[in-house]
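Participant: Attaching a single structure in C-alpha cells format; questions to follow.
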Amino acid sequence: MDGNRPPARNAVVTFSPPVTLGVVADTHVHDRCRHLPSDVLRVFRRARVRAILHAGDVTHPRVLRQLEEVAPVYAVRGNRDFLLGLRLPRVWEFQIGPHRIVLVHGHGTVWRYVVDKMAFLAGRPLTFRTLENRAHAWFPHARVVIMGHTHVPVLRHRQGRWVFNPGSPTVPPSLTDLIPRTVGLLHVTREGALQFEFVLLGGRR
C-alpha cells in the first residue's frame with residue numbers, strides 16, 4: 001500500500017439501508033491486554049448491529065469468536081496479527097446504498113510500517129493527517145475509509161469523503177493514557193445519510 005496503488009481486496013459486501021454496523025479496532029487481546037471488555041459486546045447488542053467491522057490488530061482469534069456471538073464479523077489484518085496471519089485479508093469493501101466503504105488497518109506494507117516505526121522511535125510519531133492522506137490516496141473511490149492503528153478515536157471529513165477511526169476498546173495510544181476507550185457505530189439511514197457515533201466504554205481496562 002504505497003503511493004497511489006491500493007492493496008488487494010476481497011469481493012464487495014453489500015448491505016441495504018437502513019443499517020447499523022459496529023466498528024472496532026486494536027483490541028490487542030493477549031498482546032497488550034487480557035480480554036475483550038464485556039461492554040464492547042453490550043454496546044453492539046444494544047445497537048442491534050447487522051455486522052461488526054474490525055479494523056485490525058485483533059491479535060487473538062477468541063476476539064472474533066466473541067464478536068460473532070453478536071453479529072457476522074469482517075476483520076482485516078493489522079501489524080500485530082501474528083496468530084491470525086493470512087487468515088485475515090488486508091482490505092474489505094462494502095457497498096451500502098450509494099456509499100462505497102473500505103475497511104483497512106492503516107499500517108500499509110511491512111516496509112511502510114518499519115519506516116513509520118523508526119520515525120516514531122526518533123520522536124516523530126505518525127499523525128492522523130498522514131494516515132488520512134494515505135487513505136484518500138489508496139482508496140480514491142471510497143466515500144468512507146474505516147481504519148485503526150493509532151488507537152485514537154477520530155472522524156475527519158474532507159471534500160465529501162470520510163475517514164473514521166473508532167479508537168481502541170482496550171489500549172490507549174502509547175504516548176498518553178488520557179485517550180478514552182471507545183468503539184464506533186456507523187449508521188446509514190433509509191435515505192442513505194451517513195451517521196457516525198463514538199461510544200465511550202466505562203470502567204478500567
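Identifiers in the C-alpha cells: chain A, B, ... in order shown; residue index from 1 per chain; ligand index from 1 in order shown.
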As a PDB file with C-alpha atoms, in the first residue's frame, please: the residues near Thr189 (chain A) (cut-off 8 Å, only C-alpha atoms, same-chain neighbours under 6 positions excluded).
Facilitator:
```
ATOM      1  CA  PRO A  17     -30.016   0.596   4.232  1.00  0.00           C
ATOM      2  CA  PRO A  18     -31.170   1.290   6.824  1.00  0.00           C
ATOM      3  CA  VAL A  19     -28.317  -0.459   8.603  1.00  0.00           C
ATOM      4  CA  GLN A 195     -24.157   8.972  10.717  1.00  0.00           C
TER       5      GLN A 195
END
```
Participant: Among chain A, which residues carry a DSSP assignment of helix (DSSP H, G or I), reported as a VMD selection string?
Facilitator: chain A and resid 38 to 47 61 to 68 85 to 87 110 to 121 128 to 138
Participant: So the first atom is CA of Ile52 (chain A) and the second is CA of Glu69 (chain A); what is the distance between them in Å, to one decimal place?
Facilitator: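 Value for the CA of Ile52 (chain A)-CA of Glu69 (chain A) distance: 10.6 Å.
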Participant: Using only C-alpha atoms, which protein or nucleic acid residues come within 8 Å of region 128-132 of chain A? Drop anything in the same chain fewer than 6 positions from it, and give the result as a list of chain:residue names.
Facilitator: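 Contacts, with the query itself left out: A:Gly106, A:Thr150, A:Arg156, A:Val163.
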Participant: Once DSSP has gone over the backbone, tell me which residues of region 47-166 of chain A are in strand (DSSP E), as a ChimeraX atom specification.
Facilitator: /A:51-54,73-75,91-96,99-104,144-146,153-158,161-166
Participant: Which neighbours of Thr182 (chain A) fall inside 7 Å, counting only C-alpha atoms, when residues of the same chain fewer than 3 positions from it are skipped, and could you give them as a list in words?
Facilitator: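 Residues near the query, excluding close chain neighbours: Pro166, Gly167, Ser168, Pro169, Phe198, Val199, Leu200 and Leu201 of chain A.
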Participant: So, counting only C-alpha atoms, which residue among A:Gly192, A:Pro140, A:Pro172, A:Gly123 is closest to Pro153 (chain A)?
Facilitator: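 That would be A:Pro172, the residue with the smallest distance to Pro153 (chain A).
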Participant: Residues within 7 Å of region 37-46 of chain A, please, as a list in words. Count only C-alpha atoms; anything in the same chain fewer than 2 positions from it doesn't count.
Facilitator: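 My reading of the contact set: Gly22, His35, Arg48, Val49, Leu67, Val70 and Leu201 of chain A.
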Participant: Name all residues at most 6 Å from region 23-25 of chain A (count only C-alpha atoms; drop same-chain ones fewer than 5 positions away) and give them as a PyMOL selection string.
Facilitator: chain A and resi 52-56+148+166+168+183-185
Participant: Find the residues around Thr14 (chain A) up to 8 Å (only C-alpha atoms counted), leave out those fewer than 6 positions away in its own chain, and share them as a PyMOL selection string.
Facilitator: chain A and resi 94-96
Participant: Take the residues from that selection and write them out as a PDB file, in the first residue's frame, keeping C-alpha atoms.
Facilitator:
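File written: part.pdb
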```
ATOM      1  CA  PHE A  94     -18.723  -2.658   1.378  1.00  0.00           C
ATOM      2  CA  GLN A  95     -21.481  -1.069  -0.662  1.00  0.00           C
ATOM      3  CA  ILE A  96     -24.332   0.460   1.339  1.00  0.00           C
TER       4      ILE A  96
END
```
Participant: Could you check the closest approach to Asn10 (chain A) for each of A:Phe196, A:Arg181, A:Pro89, A:Gly160 and tell me which residue wins, using only C-alpha atoms?
Facilitator: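 With only C-alpha atoms as the atom set, the closest residue is A:Pro89.
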Participant: Which is closest to Val63 (chain A) among A:His105, A:Arg34, A:His141, A:His136, if we use only C-alpha atoms?
Facilitator: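 Smallest separation from Val63 (chain A) among the options: A:Arg34.
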